[in-house]
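Engineer: Structure below; questions to follow.
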Amino acid sequence: MKRLVCISKTPDTTAQISFSADGKTFNSAGVQYILNPYDEWYALVRAVELKEKQGGTVTVLNVGLAENDQIIRKALAIGGDDAIRVNVDPKSALFTAKQIAEVAQSGGYEVVFCGKETIDYNASEVGAMVAEFLDVPFISYATHLEMDGQTATITRDIEGGSEVVEVVAPFVVSAAKGMAEQRIPNMRGIMMAKNKPLKVVPPVPFDDPVQVVQFSLPPAKQGVKMVSPEDMDELVRLLHEEAKVI
Amino acid sequence: MVLVYAESPNGQFKKAAFEAVAYGHLTAQAMGTTCVALVLGKADDAGQLGRYGATRVYQVQHSHLANFDSQVYASVIASAAQELGTEVVVVSHSSTGKSLLGRLAVKLNAGSVAGAKSVPNSESGFSVQKGVFSGKATATYAISSAVKVLSVMGNSLPATVVGDVASVEVLDVAVPAPRVQVKEVKSVSSGKAPLPEAELVVSAGRGLKGPENWGIVEDLADALGATTACSRPVADIGWRPHHEHVGQTGVAIRPNLYIAAGISGAIQHLAGVNSSKVIVVINKDPEAPFFKAADYGVVGDAFEVLPRLTDAVKRFKNS
């Protein structure tokens with residue numbers, strides 16, 4: 001079984017978000033970048049667990065520039081066998097998905113794993129796009145995944161509950177909380193990762209139909225209005241008359 | 001033309017479907033065109049979508065549509081969009097809509113924006129806003145392709161009634177066979193609105209000290225008609241089910257009112273709730289960081305404040 005795990009780089013969850021004065025670009029100065037948690041904790045770890053139980057390989061894929069090698073090495077330390085980086089700074093989900101689909105197709109990967117979304121753009125689009133480019137099934141928000149040969153049994157979150165589905169590889173799956181537990185890379189993994197192959201490939205040309213033209217921060221909160229813990233009738237009155245939410 | 005796919009799980013429309021149609025209507029109005037709705041499979045009273053602005057409702061019926069498979073549904077929606085000559089396709093930003101959006105973008109050679117929260121501006125070009133960085137900022141996206149696909153974030157715009165019942169027309173398009181077999185559906189039915197759709201949410205954290213104390217949270221939620229939620233630590237130690245966990249790694253919500261008791265307000269929690277219109281924080285620690293993100297704050301013991309608030313809500317409802 002050839003598994004491909006798509007990983008993305010995102011600002012740390014605690015990063016201060018700010019933009020250039022004209023609001024055109026994200027201010028990356030001083031921002032700590034991490035491996036997107038959904039890709040790392042759930043997609044990658046589950047792929048590695050399946051490899052440990054059932055054999056086969058786990059290839060890590062990132063679309064990005066050389067500065068991303070750090071998170072790629074971390075993914076290899078967690079248990080990826082090798083890595084591919086498509087050498088381009090992607091501007092949209094569609095562009096990224098096109099690059100992933102090219103790698104998946106030419107490499108003959110059978111299961112493509114991704115996280116349910118990145119924590120920066122929160123779009124949740126790439127997995128479905130990759131599946132469509134490859135013309136294969138897509139199972140989103142998977143919280144549990146078992147493989148028996150080429151057949152997968154997957155539990156996925158749906159509105160107001162969950163469902164259990166069966167699908168035969170090849171397919172794309174997006175991982176949500178519950179799929180696996182976070183793994184901290186150990187020293188041996190970190191040392192081994194340094195010598196694992198990382199192949200850098202050029203992007204395929206693709207016209208990007210979407211771009212961010214403006215960023216803005218939400219208006220600052222007016223400041224909290226404190227209400228006496230003894231007077232909850234006053235809080236109800238404020239919620240009704242002032243905030244108009246009840 | 002603007003085409004809105006209106007989800008009808010088990011034959012029933014939910015609020016998200018009406019909001020999507022209302023959003024499609026406003027989009028069509030801004031573009032000087034018409035809005036039509038598409039329903040797939042069973043849907044009770046599909047004509048009611050006309051009330052929210054669909055001038056016509058198209059319905060595709062087929063045994064292959066009995067269960068949701070994004071590949072099948074996207075294929076049918078894209079075929080319908082092409083047959084009807086659609087410029088904009090709108091879906092809900094639900095788990096169903098999110099797995100359709102990317103596929104539709106590829107199928108229709110379209111630029112997409114996931115989780116749109118504003119009506120598109122089509123005066124020069126086509127641009128639309130969405131929340132980014134887990135609600136910490138807003139980005140405006142410009143789409144240059146001929147066809148655009150958008151998923152609309154729940155609770156962004158009201159589902160306003162603007163018209164009357166529309167006529168329902170059967171649409172004949174090819175429906176491929178599903179490749180995903182649904183074996184079992186487990187619904188968590190509490191009778192309350194699911195968290196991503198809820199307008200009122202009452203949430204609690206470790207300050208409640210144990211699962212046996214959740215009665216006072218549920219009492220307040222019942223009095224308000226709100227949905228209950230919890231912080232991550234509470235879900236992780238098993239006091240509350242995981243589907244109630246709101247925050248960065250749990251459910252992201254955007255209710256009109258979010259009441260948080262005994263939650264300190266870690267940045268990861270705020271990322272999931274900071275799109276709430278009004279936030280009330282109840283905490284006995286006046287230094288709790290959550291107060292900085294709150295609209296109303298109460299410094300007090302949740303065990304005293306929550307029952308008092310429940311009584312006040314009941315008095316208000318009865319008056």
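Following the order of the structure tokens, chains are lettered A, B, ..., residues in each are numbered from 1, and ligands are numbered from 1.
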Report as a PyMOL selection string all protein, DNA and RNA residues lying within 10 Å of Leu101 (chain B), evaluated on only C-alpha atoms, omitting residues in the same chain fewer than 3 positions from it.

Structural biologist: (chain A and resi 123-126+128-129) or (chain B and resi 70+74+89-93+96-98+104-107+112-114+149-151)

Engineer: With a distance threshold of 7 Å and counting only C-alpha atoms, extract the residues of chain A near chain B and express them as an MDAnalysis selection string.

Structural biologist: chainID A and resid 13:14 119:126 128:129 132:133 137:138 140 158:167 177 209:218 221 223:229 232:233 236 245

Engineer: Hey, what's within 12 Å of region 169-171 of chain B if we count only C-alpha atoms and toss same-chain stuff fewer than 2 positions away? As a count of residues only, please?

Structural biologist: 28

Engineer: Could you write out, as a count of residues only, all the residues of region 40-179 of chain B that DSSP marks as helix (DSSP H, G or I)?

Structural biologist: 38

Engineer: Residues within 12 Å of Gly238 (chain B), please, as a list in words. Count only C-alpha atoms; anything in the same chain fewer than 4 positions from it doesn't count.

Structural biologist: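 The residues satisfying every condition are Gly205, Arg206, Gly210, Pro211, Glu212, Cys230, Ser231, Arg232, Pro233, Val234, His242, His243, Glu244 and His245 of chain B.
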
Engineer: Could you turn the residues from that selection into a file that holds N, CA and C atoms, as a short mmCIF file (atom, residue, chain, number, x, y, z; two decimals), in the first residue's frame?

Structural biologist:
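out.cif was written with the following content:
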```
data_model
loop_
_atom_site.label_atom_id
_atom_site.label_comp_id
_atom_site.auth_asym_id
_atom_site.auth_seq_id
_atom_site.Cartn_x
_atom_site.Cartn_y
_atom_site.Cartn_z
N GLY B 205 -16.76 24.69 31.35
CA GLY B 205 -15.42 24.09 31.36
C GLY B 205 -15.09 23.45 32.69
N ARG B 206 -13.79 23.34 32.93
CA ARG B 206 -13.32 22.63 34.13
C ARG B 206 -13.81 23.26 35.42
N GLY B 210 -16.95 18.70 37.70
CA GLY B 210 -17.25 17.29 37.44
C GLY B 210 -18.50 17.14 36.61
N PRO B 211 -18.63 15.99 35.91
CA PRO B 211 -19.77 15.81 35.00
C PRO B 211 -21.11 15.81 35.73
N GLU B 212 -21.09 15.45 37.02
CA GLU B 212 -22.34 15.38 37.79
C GLU B 212 -22.95 16.76 38.01
N CYS B 230 -18.89 22.51 25.37
CA CYS B 230 -17.90 22.44 26.45
C CYS B 230 -16.52 22.78 25.91
N SER B 231 -15.58 22.94 26.82
CA SER B 231 -14.19 23.24 26.44
C SER B 231 -13.46 21.93 26.18
N ARG B 232 -12.26 22.04 25.62
CA ARG B 232 -11.52 20.83 25.26
C ARG B 232 -11.16 19.92 26.46
N PRO B 233 -10.62 20.48 27.55
CA PRO B 233 -10.23 19.59 28.65
C PRO B 233 -11.40 18.74 29.14
N VAL B 234 -12.58 19.34 29.14
CA VAL B 234 -13.76 18.64 29.63
C VAL B 234 -14.13 17.47 28.71
N HIS B 242 -17.45 14.26 22.85
CA HIS B 242 -16.55 15.03 22.00
C HIS B 242 -17.27 15.98 21.05
N HIS B 243 -18.48 15.60 20.63
CA HIS B 243 -19.15 16.48 19.66
C HIS B 243 -19.58 17.80 20.29
N GLU B 244 -19.48 17.91 21.62
CA GLU B 244 -19.81 19.18 22.28
C GLU B 244 -18.61 20.11 22.39
N HIS B 245 -17.42 19.61 22.06
CA HIS B 245 -16.20 20.40 22.24
C HIS B 245 -16.11 21.50 21.18
#
```

Engineer: Taking the DSSP assignment computed from this structure's backbone, write out as a count of residues only all residues of region 11-237 of chain B that belong to strand (DSSP E or B).

Structural biologist: 60

Engineer: Mind running region 102-190 of chain A against region 34-50 of chain A at 12 Å and telling me each contacting residue's nearest atom pair with the distance in Å (one decimal), counting only C-alpha atoms, chain and number ascending, as JSON lines?

Structural biologist:
```
{"residue": "A:Glu110", "atom": "CA", "partner": "A:Ala47", "partner_atom": "CA", "distance": 11.9}
{"residue": "A:Val111", "atom": "CA", "partner": "A:Ala47", "partner_atom": "CA", "distance": 9.2}
{"residue": "A:Val112", "atom": "CA", "partner": "A:Ala43", "partner_atom": "CA", "distance": 9.3}
{"residue": "A:Phe113", "atom": "CA", "partner": "A:Ala43", "partner_atom": "CA", "distance": 5.6}
{"residue": "A:Cys114", "atom": "CA", "partner": "A:Ala43", "partner_atom": "CA", "distance": 5.6}
{"residue": "A:Gly115", "atom": "CA", "partner": "A:Asp39", "partner_atom": "CA", "distance": 4.2}
{"residue": "A:Lys116", "atom": "CA", "partner": "A:Tyr38", "partner_atom": "CA", "distance": 6.2}
{"residue": "A:Glu117", "atom": "CA", "partner": "A:Tyr38", "partner_atom": "CA", "distance": 6.9}
{"residue": "A:Thr118", "atom": "CA", "partner": "A:Asn36", "partner_atom": "CA", "distance": 5.9}
{"residue": "A:Ile119", "atom": "CA", "partner": "A:Asn36", "partner_atom": "CA", "distance": 6.7}
{"residue": "A:Asp120", "atom": "CA", "partner": "A:Asn36", "partner_atom": "CA", "distance": 8.8}
{"residue": "A:Tyr121", "atom": "CA", "partner": "A:Asn36", "partner_atom": "CA", "distance": 11.1}
{"residue": "A:Asn122", "atom": "CA", "partner": "A:Asn36", "partner_atom": "CA", "distance": 10.9}
{"residue": "A:Ser124", "atom": "CA", "partner": "A:Tyr38", "partner_atom": "CA", "distance": 10.9}
{"residue": "A:Gly127", "atom": "CA", "partner": "A:Asp39", "partner_atom": "CA", "distance": 11.4}
{"residue": "A:Ser140", "atom": "CA", "partner": "A:Ala43", "partner_atom": "CA", "distance": 11.6}
{"residue": "A:Tyr141", "atom": "CA", "partner": "A:Tyr38", "partner_atom": "CA", "distance": 10.3}
{"residue": "A:Ala142", "atom": "CA", "partner": "A:Ala43", "partner_atom": "CA", "distance": 9.3}
{"residue": "A:Thr143", "atom": "CA", "partner": "A:Tyr42", "partner_atom": "CA", "distance": 8.6}
{"residue": "A:His144", "atom": "CA", "partner": "A:Arg46", "partner_atom": "CA", "distance": 9.0}
{"residue": "A:Leu145", "atom": "CA", "partner": "A:Arg46", "partner_atom": "CA", "distance": 8.0}
{"residue": "A:Glu146", "atom": "CA", "partner": "A:Leu50", "partner_atom": "CA", "distance": 8.1}
{"residue": "A:Met147", "atom": "CA", "partner": "A:Leu50", "partner_atom": "CA", "distance": 7.8}
{"residue": "A:Asp148", "atom": "CA", "partner": "A:Leu50", "partner_atom": "CA", "distance": 10.3}
{"residue": "A:Gly149", "atom": "CA", "partner": "A:Leu50", "partner_atom": "CA", "distance": 11.2}
{"residue": "A:Ala152", "atom": "CA", "partner": "A:Leu50", "partner_atom": "CA", "distance": 11.4}
{"residue": "A:Val172", "atom": "CA", "partner": "A:Ala43", "partner_atom": "CA", "distance": 11.0}
{"residue": "A:Val173", "atom": "CA", "partner": "A:Ala43", "partner_atom": "CA", "distance": 8.5}
{"residue": "A:Ser174", "atom": "CA", "partner": "A:Ala43", "partner_atom": "CA", "distance": 7.2}
{"residue": "A:Ala175", "atom": "CA", "partner": "A:Ala43", "partner_atom": "CA", "distance": 5.2}
{"residue": "A:Ala176", "atom": "CA", "partner": "A:Tyr42", "partner_atom": "CA", "distance": 6.4}
{"residue": "A:Lys177", "atom": "CA", "partner": "A:Tyr42", "partner_atom": "CA", "distance": 6.5}
{"residue": "A:Gly178", "atom": "CA", "partner": "A:Tyr42", "partner_atom": "CA", "distance": 7.4}
{"residue": "A:Met179", "atom": "CA", "partner": "A:Tyr42", "partner_atom": "CA", "distance": 5.4}
{"residue": "A:Ala180", "atom": "CA", "partner": "A:Tyr42", "partner_atom": "CA", "distance": 5.0}
{"residue": "A:Glu181", "atom": "CA", "partner": "A:Trp41", "partner_atom": "CA", "distance": 6.1}
{"residue": "A:Gln182", "atom": "CA", "partner": "A:Trp41", "partner_atom": "CA", "distance": 4.4}
{"residue": "A:Arg183", "atom": "CA", "partner": "A:Trp41", "partner_atom": "CA", "distance": 6.9}
{"residue": "A:Ile184", "atom": "CA", "partner": "A:Trp41", "partner_atom": "CA", "distance": 9.4}
{"residue": "A:Pro185", "atom": "CA", "partner": "A:Val45", "partner_atom": "CA", "distance": 10.8}
```

Engineer: Compile the contact shell of Glu67 (chain A) as a PyMOL selection string: residues with an atom at most 12 Å away, counting only C-alpha atoms, same-chain residues fewer than 2 positions apart removed.

Structural biologist: chain A and resi 9+33-34+62-65+69-73+85+87-89

Engineer: Could you write those residues out with C-alpha atoms, as a CSV table (one decimal), in the first residue's frame?

Structural biologist:
```
chain,number,residue,atom,x,y,z
A,9,LYS,CA,2.7,24.8,7.2
A,33,TYR,CA,5.3,28.2,12.0
A,34,ILE,CA,4.2,24.7,12.7
A,62,ASN,CA,4.3,19.5,0.8
A,63,VAL,CA,3.7,22.2,-1.7
A,64,GLY,CA,6.0,25.1,-0.7
A,65,LEU,CA,9.4,26.6,-0.7
A,69,ASP,CA,11.9,21.6,4.9
A,70,GLN,CA,11.9,22.0,8.6
A,71,ILE,CA,8.3,20.8,9.0
A,72,ILE,CA,8.9,18.1,6.3
A,73,ARG,CA,11.8,16.7,8.5
A,85,ARG,CA,8.2,19.0,-2.0
A,87,ASN,CA,8.8,23.9,-5.1
A,88,VAL,CA,6.4,26.7,-5.3
A,89,ASP,CA,4.6,29.1,-3.0
```
